[in-house]
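These notes are about the structure you will find just below.
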Amino acid sequence: MQPRILDIRQGVLDKNDRLAHELRQRFAAAGVLAVNLVSSPGTGKTALLEETLRHLVAGGWRAAALVGDLATANDARRLARSGAPVRQIETGTLCHLEADLVSRHLGGWDLAELDFLFVENVGNLVCPADYDLGESLRVVLLAVTEGEDKPLKYPPLFSSADVAVITKVDMAAAAGFDRAATLTNLAAVRPGIAVFETSARTGQGLAEWVDFLVERRQVLTADLGRG
Ligand SMILES: Nc1nc2c(ncn2[C@@H]2O[C@H](COP(=O)(O)OP(=O)(O)OP(=O)(O)O)[C@@H](O)[C@H]2O)c(=O)[nH]1
Ligand SMILES: [Mg+2]
């Protein structure tokens with residue numbers, strides 16, 4: 001049985017990679033910076049995204065979001081308060097988003113009318129690692145309450161990320177957060193990874209984070225101009 005299970009799994013991943021490649025080309029051609037947010041449940045993906053969308057919309061940027069959860073449209077409702085177009089993807093039993101799900105939920109949106117597309121993945125530190133969604137940036141979030149060793153315990157997700165965001169820094173002292181150990185562990189799994197430290201509660205670090213996203217989009221569109 002074992003080889004057959006492996007064959008099927010490889011087939012699913014190959015199909016996902018092909019679709020993700022097509023999505024990446026569509027996003028690049030439209031000048032859309034696609035950002036895939038991954039973390040365990042409750043790290044603060046939606047809270048960070050609520051603030052990020054609010055800042056971007058206020059700055060005149062055109063941003064949209066897809067959000068994956070097994071059930072409920074709670075996160076889509078929270079994100080939609082920013083005024084940005086938002087769609088919930090209910091995955092049922094699936095513990096990650098796939099390129100096909102992203103592609104299907106983009107239906108009816110004109111990518112040329114967007115600057116940023118955020119995809120909040122299903123809260124899970126394992127499953128989303130293998131599934132490319134065509135994103136330009138994979139952002140892994142880690143809250144100060146989660147334990148400094150998470151990058152060491154879940155290396156596939158942390159090593160596949162382009163950027164790390166340490167969330168809930170307003171709670172760092174109460175949680176006894178060891179910042180130095182966290183940075184060391186992130187660097188051990190993903191050397192050179194850019195790290196942002198934010199609080200959706202106090203606003204700390206949000207301006208730097210949003211500036212970084214805007215810069216990354218400028219790099220993407222400059223590449224488009226050269227291409
Ligand atoms: N103190 C504090 N609480 C936060 C912060 N960010 C999120 N929270 C709280 O943490 C809880 C979970 O936040 P969410 O944004 O729903 O987390 P999530 O990662 O989107 O969760 P799932 O979508 O279920 O995976 C909520 O009660 C938030 O209010 C923060 O920066 N500081
Ligand atoms: Mg959420």
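Convention: chains lettered A, B, ... in structure tokens order; per-chain residue numbering from 1; ligands numbered from 1 as shown.
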
In segment 3-213 of chain A, DSSP alpha helix (DSSP H) residues written as a PyMOL selection string: chain A and resi 3-30+45-58+74-80+99-105+150-153+155-159+172-175+179-189+206-213

Residues within 12 Å of ligand 2, counting only C-alpha atoms and all ligand atoms, as number ranges by chain: A: 37-50, 65-79, 88-89, 119-124, 141

Only N, CA and C atoms, please: the residues just picked out, written as a JSON list (two decimals), in the first residue's frame.
[["chain", "number", "residue", "atom", "x", "y", "z"],
["A", 37, "LEU", "N", -0.40, 34.12, 4.56],
["A", 37, "LEU", "CA", -0.13, 34.19, 6.01],
["A", 37, "LEU", "C", -0.38, 32.83, 6.66],
["A", 38, "VAL", "N", 0.64, 32.29, 7.30],
["A", 38, "VAL", "CA", 0.52, 30.97, 7.93],
["A", 38, "VAL", "C", 0.92, 31.05, 9.40],
["A", 39, "SER", "N", 0.25, 30.25, 10.22],
["A", 39, "SER", "CA", 0.60, 30.16, 11.65],
["A", 39, "SER", "C", -0.32, 29.14, 12.29],
["A", 40, "SER", "N", -0.08, 28.88, 13.57],
["A", 40, "SER", "CA", -1.03, 28.03, 14.30],
["A", 40, "SER", "C", -2.32, 28.80, 14.55],
["A", 41, "PRO", "N", -3.40, 28.12, 14.96],
["A", 41, "PRO", "CA", -4.65, 28.83, 15.22],
["A", 41, "PRO", "C", -4.46, 29.86, 16.34],
["A", 42, "GLY", "N", -5.00, 31.06, 16.13],
["A", 42, "GLY", "CA", -5.04, 32.05, 17.21],
["A", 42, "GLY", "C", -3.79, 32.90, 17.37],
["A", 43, "THR", "N", -2.83, 32.77, 16.46],
["A", 43, "THR", "CA", -1.59, 33.56, 16.56],
["A", 43, "THR", "C", -1.85, 35.04, 16.31],
["A", 44, "GLY", "N", -2.92, 35.33, 15.56],
["A", 44, "GLY", "CA", -3.22, 36.74, 15.29],
["A", 44, "GLY", "C", -3.14, 37.08, 13.81],
["A", 45, "LYS", "N", -3.36, 36.10, 12.94],
["A", 45, "LYS", "CA", -3.34, 36.37, 11.49],
["A", 45, "LYS", "C", -4.42, 37.37, 11.11],
["A", 46, "THR", "N", -5.64, 37.11, 11.57],
["A", 46, "THR", "CA", -6.76, 37.99, 11.21],
["A", 46, "THR", "C", -6.56, 39.37, 11.83],
["A", 47, "ALA", "N", -6.10, 39.40, 13.07],
["A", 47, "ALA", "CA", -5.90, 40.70, 13.74],
["A", 47, "ALA", "C", -4.84, 41.52, 12.99],
["A", 48, "LEU", "N", -3.74, 40.88, 12.59],
["A", 48, "LEU", "CA", -2.71, 41.60, 11.83],
["A", 48, "LEU", "C", -3.27, 42.06, 10.48],
["A", 49, "LEU", "N", -4.04, 41.19, 9.86],
["A", 49, "LEU", "CA", -4.60, 41.50, 8.55],
["A", 49, "LEU", "C", -5.64, 42.62, 8.63],
["A", 50, "GLU", "N", -6.43, 42.63, 9.71],
["A", 50, "GLU", "CA", -7.41, 43.72, 9.88],
["A", 50, "GLU", "C", -6.67, 45.06, 9.88],
["A", 65, "ALA", "N", -8.71, 40.16, 0.23],
["A", 65, "ALA", "CA", -8.26, 39.04, 1.06],
["A", 65, "ALA", "C", -9.14, 37.82, 0.88],
["A", 66, "LEU", "N", -8.49, 36.67, 0.90],
["A", 66, "LEU", "CA", -9.17, 35.39, 1.00],
["A", 66, "LEU", "C", -8.77, 34.81, 2.34],
["A", 67, "VAL", "N", -9.72, 34.16, 3.02],
["A", 67, "VAL", "CA", -9.38, 33.61, 4.33],
["A", 67, "VAL", "C", -9.93, 32.20, 4.47],
["A", 68, "GLY", "N", -9.05, 31.29, 4.87],
["A", 68, "GLY", "CA", -9.43, 29.89, 4.98],
["A", 68, "GLY", "C", -9.63, 29.46, 6.42],
["A", 69, "ASP", "N", -10.73, 28.78, 6.67],
["A", 69, "ASP", "CA", -11.00, 28.14, 7.97],
["A", 69, "ASP", "C", -11.79, 26.89, 7.68],
["A", 70, "LEU", "N", -11.76, 25.93, 8.59],
["A", 70, "LEU", "CA", -12.58, 24.74, 8.38],
["A", 70, "LEU", "C", -14.07, 25.12, 8.33],
["A", 71, "ALA", "N", -14.46, 26.04, 9.21],
["A", 71, "ALA", "CA", -15.88, 26.43, 9.27],
["A", 71, "ALA", "C", -15.99, 27.86, 9.78],
["A", 72, "THR", "N", -17.12, 28.44, 9.52],
["A", 72, "THR", "CA", -17.54, 29.82, 9.87],
["A", 72, "THR", "C", -16.98, 30.84, 8.89],
["A", 73, "ALA", "N", -17.69, 31.98, 8.83],
["A", 73, "ALA", "CA", -17.22, 33.12, 8.04],
["A", 73, "ALA", "C", -16.82, 34.25, 8.99],
["A", 74, "ASN", "N", -16.46, 33.90, 10.22],
["A", 74, "ASN", "CA", -16.14, 34.92, 11.23],
["A", 74, "ASN", "C", -15.00, 35.83, 10.78],
["A", 75, "ASP", "N", -13.92, 35.21, 10.25],
["A", 75, "ASP", "CA", -12.76, 36.01, 9.88],
["A", 75, "ASP", "C", -13.07, 36.92, 8.69],
["A", 76, "ALA", "N", -13.83, 36.40, 7.72],
["A", 76, "ALA", "CA", -14.19, 37.24, 6.57],
["A", 76, "ALA", "C", -14.99, 38.46, 7.04],
["A", 77, "ARG", "N", -15.87, 38.24, 8.00],
["A", 77, "ARG", "CA", -16.68, 39.37, 8.51],
["A", 77, "ARG", "C", -15.77, 40.41, 9.16],
["A", 78, "ARG", "N", -14.78, 39.93, 9.95],
["A", 78, "ARG", "CA", -13.86, 40.88, 10.61],
["A", 78, "ARG", "C", -13.07, 41.67, 9.57],
["A", 79, "LEU", "N", -12.57, 40.96, 8.56],
["A", 79, "LEU", "CA", -11.70, 41.61, 7.57],
["A", 79, "LEU", "C", -12.48, 42.57, 6.68],
["A", 88, "GLN", "N", -14.46, 34.31, 2.23],
["A", 88, "GLN", "CA", -14.13, 33.21, 3.12],
["A", 88, "GLN", "C", -14.07, 31.91, 2.32],
["A", 89, "ILE", "N", -13.07, 31.10, 2.58],
["A", 89, "ILE", "CA", -12.99, 29.76, 2.01],
["A", 89, "ILE", "C", -13.22, 28.77, 3.15],
["A", 119, "VAL", "N", -3.81, 36.16, 1.55],
["A", 119, "VAL", "CA", -4.47, 34.88, 1.74],
["A", 119, "VAL", "C", -4.15, 34.42, 3.16],
["A", 120, "GLU", "N", -5.15, 34.43, 4.03],
["A", 120, "GLU", "CA", -4.96, 33.91, 5.38],
["A", 120, "GLU", "C", -5.22, 32.42, 5.32],
["A", 121, "ASN", "N", -4.18, 31.64, 5.58],
["A", 121, "ASN", "CA", -4.30, 30.18, 5.50],
["A", 121, "ASN", "C", -5.04, 29.63, 6.72],
["A", 122, "VAL", "N", -5.42, 28.39, 6.64],
["A", 122, "VAL", "CA", -6.02, 27.70, 7.79],
["A", 122, "VAL", "C", -4.97, 27.66, 8.91],
["A", 123, "GLY", "N", -5.40, 27.93, 10.15],
["A", 123, "GLY", "CA", -4.47, 27.90, 11.26],
["A", 123, "GLY", "C", -3.93, 26.50, 11.50],
["A", 124, "ASN", "N", -2.64, 26.32, 11.19],
["A", 124, "ASN", "CA", -2.03, 24.99, 11.30],
["A", 124, "ASN", "C", -0.54, 25.15, 11.02],
["A", 141, "LEU", "N", 3.67, 33.58, 11.15],
["A", 141, "LEU", "CA", 3.47, 34.36, 12.37],
["A", 141, "LEU", "C", 3.72, 33.47, 13.58]]

Nearby residues (only C-alpha atoms) at most 12 Å from Arg104 of chain A, same-chain spacing under 2 positions excluded, as a list in words: Leu19, Leu23, Leu66, Arg87, Gln88, Ile89, Leu97, Glu98, Ala99, Asp100, Leu101, Val102, Leu106, Gly107, Gly108, Trp109 and Leu133 of chain A

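Distances from A:Ser136, A:Ser103, A:Gln10, A:Thr182 to Ala34 of chain A were compared using only C-alpha atoms, and the smallest one belongs to A:Ser136.
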
d(atom CA of Leu142 of chain A, atom CA of Ser82 of chain A) in Å: 23.6 Å

Find the nearest atom pair between each residue of segment 24-134 of chain A and segment 206-212 of chain A for residues within 12 Å, count only C-alpha atoms, give distances in Å to one decimal, sort rows by chain and ascending number, and present the table as a Markdown table.
| residue | atom | partner | partner_atom | distance |
| --- | --- | --- | --- | --- |
| A:Leu33 | CA | A:Phe212 | CA | 11.7 |
| A:Ala47 | CA | A:Leu206 | CA | 11.3 |
| A:Leu48 | CA | A:Leu206 | CA | 8.3 |
| A:Leu49 | CA | A:Leu206 | CA | 10.3 |
| A:Glu50 | CA | A:Leu206 | CA | 11.1 |
| A:Glu51 | CA | A:Leu206 | CA | 7.7 |
| A:Thr52 | CA | A:Val210 | CA | 6.5 |
| A:Leu53 | CA | A:Val210 | CA | 9.2 |
| A:Arg54 | CA | A:Val210 | CA | 10.2 |
| A:His55 | CA | A:Val210 | CA | 7.3 |
| A:Leu56 | CA | A:Val210 | CA | 7.4 |
| A:Val57 | CA | A:Val210 | CA | 11.1 |
| A:Ala58 | CA | A:Val210 | CA | 11.6 |
| A:Gly59 | CA | A:Val210 | CA | 10.1 |
| A:Trp61 | CA | A:Val210 | CA | 11.0 |
| A:Phe116 | CA | A:Val210 | CA | 11.3 |

Within 10 Å of segment 192-194 of chain A using only C-alpha atoms, minus same-chain residues under 2 positions, as a list in words: Val139, Phe158, Ser159, Ala161, Asp162, Val163, Ala164, Val165, Leu183, Leu186, Ala187, Ala188, Val189, Arg190 and Phe196 of chain A

Would you write out those residues with N, CA and C atoms, as a PDB file, in the first residue's frame?
ATOM      1  N   VAL A 139       4.426  34.419   4.769  1.00  0.00           N
ATOM      2  CA  VAL A 139       4.703  35.061   6.052  1.00  0.00           C
ATOM      3  C   VAL A 139       4.270  34.126   7.165  1.00  0.00           C
ATOM      4  N   PHE A 158       8.416  26.934   8.954  1.00  0.00           N
ATOM      5  CA  PHE A 158       9.268  28.096   9.203  1.00  0.00           C
ATOM      6  C   PHE A 158      10.364  28.221   8.142  1.00  0.00           C
ATOM      7  N   SER A 159      10.878  27.095   7.653  1.00  0.00           N
ATOM      8  CA  SER A 159      11.971  27.189   6.668  1.00  0.00           C
ATOM      9  C   SER A 159      11.442  27.546   5.286  1.00  0.00           C
ATOM     10  N   ALA A 161       9.189  29.893   4.840  1.00  0.00           N
ATOM     11  CA  ALA A 161       8.666  31.263   4.889  1.00  0.00           C
ATOM     12  C   ALA A 161       9.718  32.268   4.427  1.00  0.00           C
ATOM     13  N   ASP A 162       9.239  33.374   3.856  1.00  0.00           N
ATOM     14  CA  ASP A 162      10.134  34.465   3.449  1.00  0.00           C
ATOM     15  C   ASP A 162      10.310  35.477   4.563  1.00  0.00           C
ATOM     16  N   VAL A 163       9.292  35.583   5.404  1.00  0.00           N
ATOM     17  CA  VAL A 163       9.243  36.619   6.433  1.00  0.00           C
ATOM     18  C   VAL A 163       8.606  36.019   7.679  1.00  0.00           C
ATOM     19  N   ALA A 164       9.069  36.464   8.848  1.00  0.00           N
ATOM     20  CA  ALA A 164       8.412  36.057  10.099  1.00  0.00           C
ATOM     21  C   ALA A 164       7.863  37.302  10.792  1.00  0.00           C
ATOM     22  N   VAL A 165       6.685  37.149  11.385  1.00  0.00           N
ATOM     23  CA  VAL A 165       6.130  38.235  12.195  1.00  0.00           C
ATOM     24  C   VAL A 165       5.889  37.687  13.599  1.00  0.00           C
ATOM     25  N   LEU A 183      14.621  34.768  18.168  1.00  0.00           N
ATOM     26  CA  LEU A 183      15.356  35.211  16.971  1.00  0.00           C
ATOM     27  C   LEU A 183      16.419  34.180  16.592  1.00  0.00           C
ATOM     28  N   LEU A 186      14.589  31.198  14.969  1.00  0.00           N
ATOM     29  CA  LEU A 186      14.132  31.526  13.603  1.00  0.00           C
ATOM     30  C   LEU A 186      15.315  31.486  12.637  1.00  0.00           C
ATOM     31  N   ALA A 187      16.429  32.080  13.057  1.00  0.00           N
ATOM     32  CA  ALA A 187      17.602  32.145  12.171  1.00  0.00           C
ATOM     33  C   ALA A 187      18.212  30.760  11.952  1.00  0.00           C
ATOM     34  N   ALA A 188      18.072  29.883  12.954  1.00  0.00           N
ATOM     35  CA  ALA A 188      18.637  28.528  12.817  1.00  0.00           C
ATOM     36  C   ALA A 188      17.891  27.753  11.732  1.00  0.00           C
ATOM     37  N   VAL A 189      16.583  27.963  11.656  1.00  0.00           N
ATOM     38  CA  VAL A 189      15.753  27.214  10.707  1.00  0.00           C
ATOM     39  C   VAL A 189      15.711  27.912   9.354  1.00  0.00           C
ATOM     40  N   ARG A 190      15.767  29.230   9.367  1.00  0.00           N
ATOM     41  CA  ARG A 190      15.669  30.010   8.128  1.00  0.00           C
ATOM     42  C   ARG A 190      16.675  31.165   8.213  1.00  0.00           C
ATOM     43  N   PHE A 196       9.584  40.849  11.706  1.00  0.00           N
ATOM     44  CA  PHE A 196       8.857  42.015  12.183  1.00  0.00           C
ATOM     45  C   PHE A 196       8.250  41.669  13.536  1.00  0.00           C
TER      46      PHE A 196
END

Every residue of segment 6-220 of chain A that DSSP places in strand (DSSP E), as a PyMOL selection string: chain A and resi 33-38+63-69+86-90+116-120+137-143+163-167+194-197
